[in-house]
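**Student:** Below is model38.cif; it holds mmCIF, C-alpha atoms.
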```cif
data_entry
#
loop_
_atom_site.group_PDB
_atom_site.id
_atom_site.type_symbol
_atom_site.label_atom_id
_atom_site.label_comp_id
_atom_site.auth_asym_id
_atom_site.auth_seq_id
_atom_site.Cartn_x
_atom_site.Cartn_y
_atom_site.Cartn_z
ATOM 1 C CA MET A 1 11.266 -61.459 5.499
ATOM 2 C CA ILE A 2 11.343 -62.330 1.769
ATOM 3 C CA TYR A 3 8.442 -63.812 -0.189
ATOM 4 C CA LEU A 4 8.837 -65.593 -3.563
ATOM 5 C CA GLU A 5 6.015 -65.554 -6.088
ATOM 6 C CA GLY A 6 6.051 -67.649 -9.292
ATOM 7 C CA ASN A 7 8.219 -70.582 -10.446
ATOM 8 C CA LEU A 8 11.975 -70.718 -9.973
ATOM 9 C CA SER A 9 12.704 -69.463 -13.483
ATOM 10 C CA ASN A 10 10.417 -66.443 -13.198
ATOM 11 C CA PHE A 11 9.725 -65.088 -9.763
ATOM 12 C CA VAL A 12 9.127 -61.730 -8.064
ATOM 13 C CA VAL A 13 10.768 -60.929 -4.755
ATOM 14 C CA TYR A 14 8.819 -59.027 -2.100
ATOM 15 C CA MET A 15 10.602 -57.838 1.021
ATOM 16 C CA LYS A 16 8.438 -56.994 4.015
ATOM 17 C CA LEU A 17 9.788 -53.692 5.326
ATOM 18 C CA PRO A 18 9.453 -52.504 8.926
ATOM 19 C CA SER A 19 6.663 -49.999 9.552
ATOM 20 C CA LEU A 20 6.989 -46.495 8.142
ATOM 21 C CA ALA A 21 6.496 -45.142 11.676
ATOM 22 C CA SER A 22 9.687 -46.804 12.881
ATOM 23 C CA PHE A 23 11.652 -45.189 10.057
ATOM 24 C CA ARG A 24 10.100 -41.825 10.952
ATOM 25 C CA PHE A 25 11.158 -42.220 14.583
ATOM 26 C CA PHE A 26 14.655 -43.215 13.481
ATOM 27 C CA GLU A 27 14.877 -40.241 11.125
ATOM 28 C CA ALA A 28 13.903 -37.801 13.892
ATOM 29 C CA ALA A 29 16.436 -39.326 16.318
ATOM 30 C CA ALA A 30 19.198 -39.313 13.712
ATOM 31 C CA GLN A 31 18.440 -35.730 12.727
ATOM 32 C CA THR A 32 18.361 -34.378 16.299
ATOM 33 C CA GLY A 33 21.001 -36.714 17.768
ATOM 34 C CA SER A 34 18.764 -37.310 20.762
ATOM 35 C CA PHE A 35 15.822 -39.537 21.653
ATOM 36 C CA VAL A 36 14.531 -36.772 23.939
ATOM 37 C CA LYS A 37 14.591 -34.089 21.223
ATOM 38 C CA ALA A 38 13.090 -36.530 18.733
ATOM 39 C CA ALA A 39 10.274 -37.208 21.189
ATOM 40 C CA GLU A 40 9.614 -33.453 21.520
ATOM 41 C CA GLN A 41 9.595 -33.057 17.748
ATOM 42 C CA LEU A 42 7.158 -35.944 17.262
ATOM 43 C CA HIS A 43 5.039 -35.100 20.337
ATOM 44 C CA VAL A 44 5.529 -38.530 21.894
ATOM 45 C CA THR A 45 7.417 -39.866 24.907
ATOM 46 C CA HIS A 46 11.136 -40.566 25.064
ATOM 47 C CA GLY A 47 10.319 -44.210 25.676
ATOM 48 C CA ALA A 48 8.216 -44.421 22.515
ATOM 49 C CA VAL A 49 11.124 -43.227 20.369
ATOM 50 C CA SER A 50 13.567 -45.621 22.033
ATOM 51 C CA ARG A 51 11.145 -48.523 21.610
ATOM 52 C CA GLN A 52 10.513 -47.837 17.908
ATOM 53 C CA VAL A 53 14.224 -47.575 17.192
ATOM 54 C CA ARG A 54 14.837 -50.861 19.013
ATOM 55 C CA LEU A 55 12.109 -52.541 16.937
ATOM 56 C CA LEU A 56 13.673 -51.195 13.752
ATOM 57 C CA GLU A 57 17.112 -52.440 14.765
ATOM 58 C CA ALA A 58 15.665 -55.864 15.576
ATOM 59 C CA ALA A 59 13.885 -56.024 12.212
ATOM 60 C CA LEU A 60 17.018 -55.022 10.294
ATOM 61 C CA GLY A 61 19.392 -57.086 12.407
ATOM 62 C CA VAL A 62 21.869 -54.238 12.915
ATOM 63 C CA GLU A 63 22.479 -51.538 15.517
ATOM 64 C CA LEU A 64 21.752 -48.081 14.158
ATOM 65 C CA PHE A 65 23.000 -46.121 17.163
ATOM 66 C CA GLU A 66 25.880 -46.449 19.571
ATOM 67 C CA ARG A 67 24.667 -45.650 23.057
ATOM 68 C CA ARG A 68 27.357 -44.167 25.272
ATOM 69 C CA ASN A 69 26.929 -42.332 28.588
ATOM 70 C CA ARG A 70 23.223 -41.647 27.964
ATOM 71 C CA ALA A 71 24.069 -40.157 24.547
ATOM 72 C CA ILE A 72 23.460 -41.652 21.115
ATOM 73 C CA PHE A 73 25.672 -41.651 18.036
ATOM 74 C CA LEU A 74 24.870 -43.032 14.591
ATOM 75 C CA SER A 75 26.699 -46.230 13.744
ATOM 76 C CA ALA A 76 28.058 -46.852 10.246
ATOM 77 C CA ALA A 77 24.816 -48.671 9.404
ATOM 78 C CA GLY A 78 22.832 -45.831 10.940
ATOM 79 C CA ARG A 79 24.641 -43.207 8.854
ATOM 80 C CA SER A 80 23.967 -45.210 5.705
ATOM 81 C CA LEU A 81 20.290 -45.601 6.522
ATOM 82 C CA HIS A 82 19.964 -41.955 7.540
ATOM 83 C CA ALA A 83 21.202 -40.779 4.151
ATOM 84 C CA THR A 84 18.428 -42.805 2.553
ATOM 85 C CA THR A 85 15.607 -41.943 4.968
ATOM 86 C CA THR A 86 16.361 -38.214 4.677
ATOM 87 C CA SER A 87 16.001 -38.386 0.902
ATOM 88 C CA VAL A 88 12.917 -40.600 1.088
ATOM 89 C CA PHE A 89 11.066 -38.386 3.563
ATOM 90 C CA GLU A 90 11.943 -35.245 1.601
ATOM 91 C CA GLN A 91 10.527 -36.871 -1.533
ATOM 92 C CA LEU A 92 7.455 -38.028 0.367
ATOM 93 C CA GLU A 93 6.826 -34.579 1.825
ATOM 94 C CA GLY A 94 7.266 -33.061 -1.625
ATOM 95 C CA ALA A 95 4.791 -35.505 -3.146
ATOM 96 C CA VAL A 96 2.247 -34.820 -0.417
ATOM 97 C CA TYR A 97 2.672 -31.071 -0.862
ATOM 98 C CA ARG A 98 2.141 -31.347 -4.621
ATOM 99 C CA LEU A 99 -0.968 -33.473 -4.107
ATOM 100 C CA GLN A 100 -2.363 -30.983 -1.612
ATOM 101 C CA GLN A 101 -1.599 -28.095 -3.942
ATOM 102 C CA SER A 102 -3.313 -29.913 -6.787
ATOM 103 C CA ALA A 103 -6.405 -30.487 -4.649
ATOM 104 C CA ARG A 104 -6.208 -26.916 -3.381
ATOM 105 C CA GLU A 105 -6.300 -25.562 -6.921
ATOM 106 C CA GLU A 106 -9.772 -27.049 -7.326
ATOM 107 C CA VAL A 107 -11.077 -24.600 -4.681
ATOM 108 C CA ILE A 108 -11.005 -20.818 -5.050
ATOM 109 C CA VAL A 109 -11.053 -18.968 -1.732
ATOM 110 C CA LEU A 110 -12.575 -15.488 -1.931
ATOM 111 C CA SER A 111 -12.475 -12.976 0.905
ATOM 112 C CA CYS A 112 -15.219 -10.366 0.703
ATOM 113 C CA GLU A 113 -16.382 -7.454 2.845
ATOM 114 C CA PRO A 114 -19.228 -8.855 4.997
ATOM 115 C CA THR A 115 -22.117 -6.572 3.988
ATOM 116 C CA ILE A 116 -21.378 -6.732 0.264
ATOM 117 C CA ALA A 117 -21.066 -10.508 0.599
ATOM 118 C CA MET A 118 -24.399 -10.899 2.396
ATOM 119 C CA LYS A 119 -26.482 -8.274 0.616
ATOM 120 C CA TRP A 120 -25.174 -8.453 -2.950
ATOM 121 C CA LEU A 121 -22.738 -11.266 -3.768
ATOM 122 C CA ILE A 122 -24.326 -14.312 -2.098
ATOM 123 C CA PRO A 123 -27.777 -13.791 -3.671
ATOM 124 C CA ARG A 124 -26.091 -13.805 -7.093
ATOM 125 C CA LEU A 125 -23.753 -16.761 -6.580
ATOM 126 C CA PRO A 126 -26.329 -19.428 -7.568
ATOM 127 C CA ALA A 127 -26.348 -17.958 -11.068
ATOM 128 C CA PHE A 128 -22.548 -18.018 -11.125
ATOM 129 C CA HIS A 129 -22.426 -21.681 -10.060
ATOM 130 C CA ARG A 130 -24.990 -22.652 -12.690
ATOM 131 C CA ALA A 131 -22.843 -21.012 -15.352
ATOM 132 C CA ASN A 132 -19.570 -22.332 -13.900
ATOM 133 C CA PRO A 133 -20.251 -25.731 -12.295
ATOM 134 C CA ASP A 134 -16.542 -26.628 -12.380
ATOM 135 C CA ILE A 135 -15.553 -23.797 -10.015
ATOM 136 C CA ASN A 136 -15.750 -24.516 -6.287
ATOM 137 C CA LEU A 137 -15.874 -21.085 -4.627
ATOM 138 C CA HIS A 138 -15.270 -20.844 -0.881
ATOM 139 C CA LEU A 139 -16.374 -17.494 0.585
ATOM 140 C CA VAL A 140 -14.751 -15.865 3.629
ATOM 141 C CA ALA A 141 -16.235 -12.685 5.137
ATOM 142 C CA ALA A 142 -13.547 -10.147 6.008
ATOM 143 C CA GLY A 143 -12.489 -6.590 5.221
ATOM 144 C CA GLY A 144 -9.405 -4.399 5.151
ATOM 145 C CA PRO A 145 -5.778 -5.413 4.513
ATOM 146 C CA ILE A 146 -5.031 -9.066 3.837
ATOM 147 C CA ASP A 147 -1.915 -11.233 4.045
ATOM 148 C CA PHE A 148 -2.222 -13.600 1.089
ATOM 149 C CA ALA A 149 0.842 -15.626 2.114
ATOM 150 C CA ARG A 150 -0.548 -16.536 5.540
ATOM 151 C CA SER A 151 -4.297 -16.553 4.948
ATOM 152 C CA GLY A 152 -4.527 -19.018 2.048
ATOM 153 C CA ILE A 153 -6.857 -16.573 0.258
ATOM 154 C CA ASP A 154 -6.813 -16.569 -3.549
ATOM 155 C CA MET A 155 -8.747 -13.330 -4.115
ATOM 156 C CA ALA A 156 -10.152 -10.515 -1.981
ATOM 157 C CA LEU A 157 -12.971 -8.136 -2.912
ATOM 158 C CA ARG A 158 -12.164 -4.836 -1.234
ATOM 159 C CA ARG A 159 -12.833 -1.127 -1.498
ATOM 160 C CA ASN A 160 -9.647 0.811 -2.246
ATOM 161 C CA ASP A 161 -9.699 2.786 0.997
ATOM 162 C CA PHE A 162 -6.393 1.382 2.275
ATOM 163 C CA HIS A 163 -2.865 0.811 0.991
ATOM 164 C CA TRP A 164 -1.749 -2.566 -0.303
ATOM 165 C CA ASP A 165 1.727 -3.722 -1.248
ATOM 166 C CA GLN A 166 3.065 -3.207 -4.757
ATOM 167 C CA ASP A 167 3.262 -6.955 -5.358
ATOM 168 C CA VAL A 168 -0.511 -7.311 -4.858
ATOM 169 C CA HIS A 169 -2.411 -7.397 -8.148
ATOM 170 C CA ALA A 170 -5.603 -5.324 -8.278
ATOM 171 C CA GLU A 171 -8.422 -5.363 -10.831
ATOM 172 C CA LYS A 172 -11.104 -2.671 -10.646
ATOM 173 C CA ILE A 173 -14.612 -4.088 -10.443
ATOM 174 C CA CYS A 174 -16.795 -0.976 -10.216
ATOM 175 C CA ASP A 175 -17.138 2.494 -8.704
ATOM 176 C CA GLU A 176 -18.632 2.981 -5.267
ATOM 177 C CA TRP A 177 -21.941 4.860 -5.006
ATOM 178 C CA MET A 178 -23.096 6.004 -1.568
ATOM 179 C CA GLY A 179 -26.346 7.451 -0.279
ATOM 180 C CA PRO A 180 -28.681 7.510 2.733
ATOM 181 C CA VAL A 181 -31.603 5.097 2.966
ATOM 182 C CA THR A 182 -34.597 4.941 5.257
ATOM 183 C CA ARG A 183 -37.797 2.985 5.660
ATOM 184 C CA ALA A 184 -39.988 6.083 5.508
ATOM 185 C CA LYS A 185 -40.599 7.551 2.085
ATOM 186 C CA GLU A 186 -39.937 11.276 2.391
ATOM 187 C CA GLU A 187 -38.922 14.311 0.385
ATOM 188 C CA PRO A 188 -35.237 15.260 0.450
ATOM 189 C CA LYS A 189 -34.280 18.274 2.572
ATOM 190 C CA VAL A 190 -31.271 20.552 2.644
ATOM 191 C CA ARG A 191 -30.823 19.926 6.386
ATOM 192 C CA LEU A 192 -31.317 16.729 8.359
ATOM 193 C CA ASP A 193 -32.401 18.370 11.617
ATOM 194 C CA GLY A 194 -33.627 15.868 14.204
ATOM 195 C CA VAL A 195 -33.010 12.852 11.962
ATOM 196 C CA ARG A 196 -31.323 9.796 13.513
ATOM 197 C CA LEU A 197 -28.259 9.119 11.371
ATOM 198 C CA LEU A 198 -26.926 5.554 11.614
ATOM 199 C CA HIS A 199 -23.114 5.416 11.504
ATOM 200 C CA SER A 200 -21.035 2.303 10.810
ATOM 201 C CA GLY A 201 -17.805 1.648 12.701
ATOM 202 C CA THR A 202 -16.331 -0.039 9.627
ATOM 203 C CA ARG A 203 -16.633 3.166 7.574
ATOM 204 C CA PRO A 204 -16.700 6.028 10.090
ATOM 205 C CA LYS A 205 -16.237 8.857 7.546
ATOM 206 C CA ALA A 206 -19.068 7.806 5.225
ATOM 207 C CA TRP A 207 -21.543 10.447 6.378
ATOM 208 C CA SER A 208 -19.026 13.319 6.359
ATOM 209 C CA ALA A 209 -17.803 12.354 2.870
ATOM 210 C CA TRP A 210 -21.359 12.212 1.553
ATOM 211 C CA GLN A 211 -22.210 15.562 3.166
ATOM 212 C CA ARG A 212 -19.211 17.186 1.496
ATOM 213 C CA LEU A 213 -20.091 15.738 -1.924
ATOM 214 C CA SER A 214 -23.863 16.211 -1.774
ATOM 215 C CA GLY A 215 -24.142 19.611 -0.131
ATOM 216 C CA VAL A 216 -26.673 18.340 2.412
ATOM 217 C CA SER A 217 -26.066 19.499 5.983
ATOM 218 C CA THR A 218 -26.235 16.977 8.830
ATOM 219 C CA LYS A 219 -26.286 19.742 11.432
ATOM 220 C CA GLY A 220 -28.878 19.116 14.133
ATOM 221 C CA SER A 221 -29.039 15.360 13.409
ATOM 222 C CA ILE A 222 -28.836 12.634 16.062
ATOM 223 C CA ARG A 223 -25.889 10.268 15.792
ATOM 224 C CA VAL A 224 -26.406 6.521 16.358
ATOM 225 C CA ASP A 225 -23.458 4.124 16.044
ATOM 226 C CA TYR A 226 -23.414 0.512 14.872
ATOM 227 C CA GLU A 227 -20.431 -1.760 14.443
ATOM 228 C CA HIS A 228 -21.129 -2.980 10.895
ATOM 229 C CA PHE A 229 -22.893 -1.818 7.763
ATOM 230 C CA TYR A 230 -25.306 -4.755 7.740
ATOM 231 C CA LEU A 231 -26.529 -3.691 11.188
ATOM 232 C CA CYS A 232 -27.128 -0.168 9.854
ATOM 233 C CA VAL A 233 -29.067 -1.566 6.898
ATOM 234 C CA GLN A 234 -31.242 -3.693 9.180
ATOM 235 C CA ALA A 235 -31.769 -0.800 11.584
ATOM 236 C CA ALA A 236 -32.847 1.481 8.723
ATOM 237 C CA ALA A 237 -35.236 -1.192 7.412
ATOM 238 C CA SER A 238 -36.685 -1.441 10.929
ATOM 239 C CA GLY A 239 -37.387 2.286 11.050
ATOM 240 C CA LEU A 240 -34.610 3.200 13.486
ATOM 241 C CA GLY A 241 -33.131 5.971 11.369
ATOM 242 C CA MET A 242 -31.325 6.824 8.161
ATOM 243 C CA ALA A 243 -28.269 4.748 7.167
ATOM 244 C CA MET A 244 -25.438 5.760 4.858
ATOM 245 C CA VAL A 245 -24.806 2.769 2.604
ATOM 246 C CA SER A 246 -23.414 1.568 -0.695
ATOM 247 C CA PHE A 247 -25.947 1.172 -3.492
ATOM 248 C CA LEU A 248 -24.852 -2.433 -3.934
ATOM 249 C CA MET A 249 -25.744 -3.143 -0.302
ATOM 250 C CA VAL A 250 -29.395 -2.152 -0.660
ATOM 251 C CA GLN A 251 -30.226 -2.682 -4.318
ATOM 252 C CA ASP A 252 -32.672 -5.500 -3.598
ATOM 253 C CA GLU A 253 -34.364 -3.624 -0.727
ATOM 254 C CA LEU A 254 -34.801 -0.571 -2.949
ATOM 255 C CA GLU A 255 -36.401 -2.653 -5.685
ATOM 256 C CA SER A 256 -38.793 -4.286 -3.218
ATOM 257 C CA GLY A 257 -39.750 -0.978 -1.604
ATOM 258 C CA GLN A 258 -38.443 -2.055 1.787
ATOM 259 C CA LEU A 259 -36.055 0.908 1.763
ATOM 260 C CA TYR A 260 -36.103 4.318 0.084
ATOM 261 C CA ALA A 261 -33.253 6.588 -0.981
ATOM 262 C CA PRO A 262 -34.603 10.154 -0.653
ATOM 263 C CA TYR A 263 -31.296 11.725 -1.709
ATOM 264 C CA GLY A 264 -30.315 9.116 -4.263
ATOM 265 C CA PHE A 265 -26.687 7.974 -4.560
ATOM 266 C CA ILE A 266 -23.492 9.761 -5.436
ATOM 267 C CA ARG A 267 -20.091 8.451 -6.514
ATOM 268 C CA ASP A 268 -17.683 8.965 -3.613
ATOM 269 C CA GLY A 269 -14.432 8.558 -5.569
ATOM 270 C CA SER A 270 -13.572 5.090 -4.297
ATOM 271 C CA SER A 271 -14.058 1.776 -6.075
ATOM 272 C CA TYR A 272 -14.240 -1.959 -5.452
ATOM 273 C CA CYS A 273 -11.232 -3.987 -6.524
ATOM 274 C CA LEU A 274 -10.419 -7.666 -6.740
ATOM 275 C CA LEU A 275 -7.031 -8.248 -5.128
ATOM 276 C CA SER A 276 -4.837 -11.297 -5.670
ATOM 277 C CA PRO A 277 -1.237 -12.363 -4.958
ATOM 278 C CA LYS A 278 -0.598 -12.961 -8.668
ATOM 279 C CA ALA A 279 -2.147 -11.851 -11.927
ATOM 280 C CA LEU A 280 -5.619 -13.370 -12.278
ATOM 281 C CA SER A 281 -4.858 -14.199 -15.908
ATOM 282 C CA GLN A 282 -2.465 -16.872 -14.593
ATOM 283 C CA ASN A 283 -5.392 -18.821 -13.150
ATOM 284 C CA GLU A 284 -8.167 -19.524 -15.654
ATOM 285 C CA LYS A 285 -10.835 -20.069 -12.985
ATOM 286 C CA CYS A 286 -9.943 -16.931 -11.037
ATOM 287 C CA ASP A 287 -9.940 -14.954 -14.272
ATOM 288 C CA ARG A 288 -13.354 -16.342 -15.160
ATOM 289 C CA PHE A 289 -14.743 -15.309 -11.770
ATOM 290 C CA LYS A 290 -13.288 -11.815 -12.174
ATOM 291 C CA LYS A 291 -14.936 -11.382 -15.569
ATOM 292 C CA TRP A 292 -18.266 -12.589 -14.164
ATOM 293 C CA LEU A 293 -17.943 -10.205 -11.201
ATOM 294 C CA VAL A 294 -17.217 -7.206 -13.431
ATOM 295 C CA ALA A 295 -20.173 -8.028 -15.681
ATOM 296 C CA GLU A 296 -22.507 -8.624 -12.732
ATOM 297 C CA ALA A 297 -21.553 -5.343 -11.049
ATOM 298 C CA ALA A 298 -21.961 -3.440 -14.322
ATOM 299 C CA SER A 299 -25.372 -5.013 -14.829
ATOM 300 C CA SER A 300 -26.491 -4.151 -11.295
ATOM 301 C CA LEU A 301 -25.397 -0.535 -11.591
ATOM 302 C CA SER A 302 -26.612 0.133 -15.133
ATOM 303 C CA ALA A 303 -30.018 -1.467 -14.615
ATOM 304 C CA ASN A 304 -31.093 0.379 -11.465
ATOM 305 C CA LEU A 305 -28.635 3.078 -10.450
ATOM 306 C CA PRO A 306 -29.892 5.685 -12.996
ATOM 307 C CA LEU A 307 -33.152 5.800 -11.026
ATOM 308 C CA TYR A 308 -31.264 6.974 -7.949
ATOM 309 C CA VAL A 309 -28.385 9.128 -9.200
ATOM 310 C CA GLN A 310 -28.242 12.173 -7.015
ATOM 311 C CA THR A 311 -28.072 15.777 -8.109
ATOM 312 C CA PRO A 312 -26.014 17.691 -5.537
ATOM 313 C CA VAL A 313 -28.028 20.031 -3.329
ATOM 314 C CA ILE A 314 -27.023 23.669 -3.575
ATOM 315 C CA THR A 315 -27.197 25.372 -0.177
#
```
Rewrite the structure from the file as structure tokens, please.
**Tutor:**
Amino acid sequence: MIYLEGNLSNFVVYMKLPSLASFRFFEAAAQTGSFVKAAEQLHVTHGAVSRQVRLLEAALGVELFERRNRAIFLSAAGRSLHATTTSVFEQLEGAVYRLQQSAREEVIVLSCEPTIAMKWLIPRLPAFHRANPDINLHLVAAGGPIDFARSGIDMALRRNDFHWDQDVHAEKICDEWMGPVTRAKEEPKVRLDGVRLLHSGTRPKAWSAWQRLSGVSTKGSIRVDYEHFYLCVQAAASGLGMAMVSFLMVQDELESGQLYAPYGFIRDGSSYCLLSPKALSQNEKCDRFKKWLVAEAASSLSANLPLYVQTPVIT
């Protein structure tokens, strides 16, 4: 149907097109050469596809398919329309994708190891948001290897205790410092006889690595296993034993006196890194977050770590 607007010497023509849905049904049928396959592709019934195509044909006044022996074939008009609808839907999908990407760029998705996220990063994020109100940071708790292509993650804060692909960009944030903590304030000993040592399933070699570096023997200790570091931290704070943790995980509890570090902390040779699928310098907001993270970690370590740096025990 055509509508005329204005006088005869100056008018605008509006043509009322059939619904976009009918063109989408036609496109699927033309592409697959089957109403049944089109129905499967669109997750509707065969009858719904046939009905929409019939409505489109009625609106246009032409037959778009030749129906022979329960099969369908594009007519000359159908082939002409199909060439146009294919281009139009490709352009539409491209436009939608670009819009979604544009909206997506307003949000930065960060994956972070759970205990570091809960015990160190989250308490400091309010200060980051006050200083960077234009950055919308979405936090996901996870550890270990990450597939950036499938996960939709922009950055991942990880300890470098696993291999990542060469095309992954990595920026060092800070060194890792490990040490045992407990609720009871006690003098350090060369041997931990009879002490309940809380082990984390997410870092099973933490105690043995610390023992090798510190010179303290864990012989005669009692092993207790927990699945995650944050459970070990809570168990230690509840008086259930001594947990081997990162300094960043317990900095606030040490300052408040809720936990004590009788042996201090020692650098274990690993470090925290910010991983990304492309150089962070290519994204101004990601680069800004990285710089804030490096500064915040440096501030945390320089302000309090010197009070707890461990001198190795000589046995």
**Student:** Which residues would end up in the selection if the PyMOL selection byres ((chain A and resi 60-73) around 12) were applied here, given that I need the answer as a ChimeraX atom specification?
**Tutor:** /A:1,15-19,22-23,26-27,29-38,50,52-59,74-82
**Student:** Output as CSV one row per residue of region 145-164 of chain A within 10 Å of region 282-298 of chain A: the closest atom pair and its distance in Å to one decimal place, counting all atoms listed in the file, sorted by chain and residue number ascending.
**Tutor:**
```
residue,atom,partner,partner_atom,distance
A:Asp154,CA,A:Cys286,CA,8.1
A:Met155,CA,A:Cys286,CA,7.9
A:Leu157,CA,A:Leu293,CA,9.9
```
**Student:** How many Å lie between CA of Lys119 (chain A) and CA of Trp207 (chain A), rounded to one decimal?
**Tutor:** 20.2 Å
**Student:** So which residues touch Val250 (chain A) within 9 Å, counting all atoms listed in the file, skipping near sequence neighbours fewer than 6 positions away, as a ChimeraX atom specification?
**Tutor:** /A:119-120,181,233,259
**Student:** Check what the PyMOL selection byres ((chain A and resi 217-228) around 12) selects in the file above and give those residues as JSON, numbers by chain.
**Tutor:** {"A": [113, 114, 115, 116, 142, 143, 180, 188, 189, 190, 191, 192, 193, 194, 195, 196, 197, 198, 199, 200, 201, 202, 203, 204, 207, 208, 209, 210, 211, 212, 213, 214, 215, 216, 229, 230, 231, 232, 233, 234, 235, 236, 240, 241, 242, 243, 244, 245, 312, 313, 314, 315]}
**Student:** For Ile122 (chain A), which of A:Leu20, A:Met249, A:Pro262, A:Val309 is the closest residue, counting only C-alpha atoms?
**Tutor:**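 Nearest candidate to Ile122 (chain A) out of A:Leu20, A:Met249, A:Pro262, A:Val309: A:Met249.
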**Student:** Report the distance between CA of Cys112 (chain A) and CA of Phe148 (chain A) in Å, rounded to one decimal place.
**Tutor:**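 Taking CA of Cys112 (chain A) as the start and CA of Phe148 (chain A) as the end point, the length is 13.4 Å.
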**Student:** One decimal, Å: what's the distance from CA of Gly269 (chain A) over to CA of Glu176 (chain A), could you say?
**Tutor:**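 Calculated distance between CA of Gly269 (chain A) and CA of Glu176 (chain A) is 7.0 Å.
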**Student:** Can you tell me which residues surround Pro145 (chain A) at a distance of at most 8 Å, considering only C-alpha atoms, apart from same-chain residues fewer than 2 positions away, and format the answer as a ChimeraX atom specification?
**Tutor:** /A:143,147,162-164
**Student:** Residues as selected, C-alpha atoms, written as a compact mmCIF listing (two decimals), keeping the file's coordinate frame, can you do that?
**Tutor:**
```
# COMPACT_ATOMS: atom_id res chain seq x y z
CA GLY A 143 -12.49 -6.59 5.22
CA ASP A 147 -1.92 -11.23 4.04
CA PHE A 162 -6.39 1.38 2.28
CA HIS A 163 -2.86 0.81 0.99
CA TRP A 164 -1.75 -2.57 -0.30
```
**Student:** Find the axis-aligned box for region 285-304 of chain A, covering all its listed atoms and adding 6 Å on each side, and write its centre and edge lengths in Å to one decimal as AutoDock Vina command-line options.
**Tutor:**
```
--center_x -20.5 --center_y -9.8 --center_z -13.4 --size_x 33.2 --size_y 32.4 --size_z 16.6
```
**Student:** What residues come out when you apply the PyMOL selection byres ((chain A and resi 307) around 12) to this file, written as a short mmCIF file (atom, residue, chain, number, x, y, z; two decimals) with C-alpha atoms, keeping the file's coordinate frame?
**Tutor:**
```cif
data_model
loop_
_atom_site.label_atom_id
_atom_site.label_comp_id
_atom_site.auth_asym_id
_atom_site.auth_seq_id
_atom_site.Cartn_x
_atom_site.Cartn_y
_atom_site.Cartn_z
CA PHE A 247 -25.95 1.17 -3.49
CA GLN A 251 -30.23 -2.68 -4.32
CA LEU A 254 -34.80 -0.57 -2.95
CA GLU A 255 -36.40 -2.65 -5.68
CA TYR A 260 -36.10 4.32 0.08
CA ALA A 261 -33.25 6.59 -0.98
CA PRO A 262 -34.60 10.15 -0.65
CA TYR A 263 -31.30 11.72 -1.71
CA GLY A 264 -30.32 9.12 -4.26
CA PHE A 265 -26.69 7.97 -4.56
CA ILE A 266 -23.49 9.76 -5.44
CA SER A 300 -26.49 -4.15 -11.30
CA LEU A 301 -25.40 -0.54 -11.59
CA SER A 302 -26.61 0.13 -15.13
CA ALA A 303 -30.02 -1.47 -14.62
CA ASN A 304 -31.09 0.38 -11.46
CA LEU A 305 -28.64 3.08 -10.45
CA PRO A 306 -29.89 5.68 -13.00
CA TYR A 308 -31.26 6.97 -7.95
CA VAL A 309 -28.38 9.13 -9.20
CA GLN A 310 -28.24 12.17 -7.02
CA THR A 311 -28.07 15.78 -8.11
#
```
**Student:** Write out as a PyMOL selection string the residues lying within 10 Å of Glu171 (chain A), counting all atoms listed in the file and excluding same-chain residues fewer than 5 positions away.
**Tutor:** chain A and resi 157+272-276+279-280+290+294
**Student:** Counting all atoms listed in the file, what is within 6 Å of Ser111 (chain A), bar same-chain residues fewer than 6 positions away, as a list in words?
**Tutor:**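 The contact residues come out as Leu139, Val140, Ala141, Ala142 and Ala156 of chain A.
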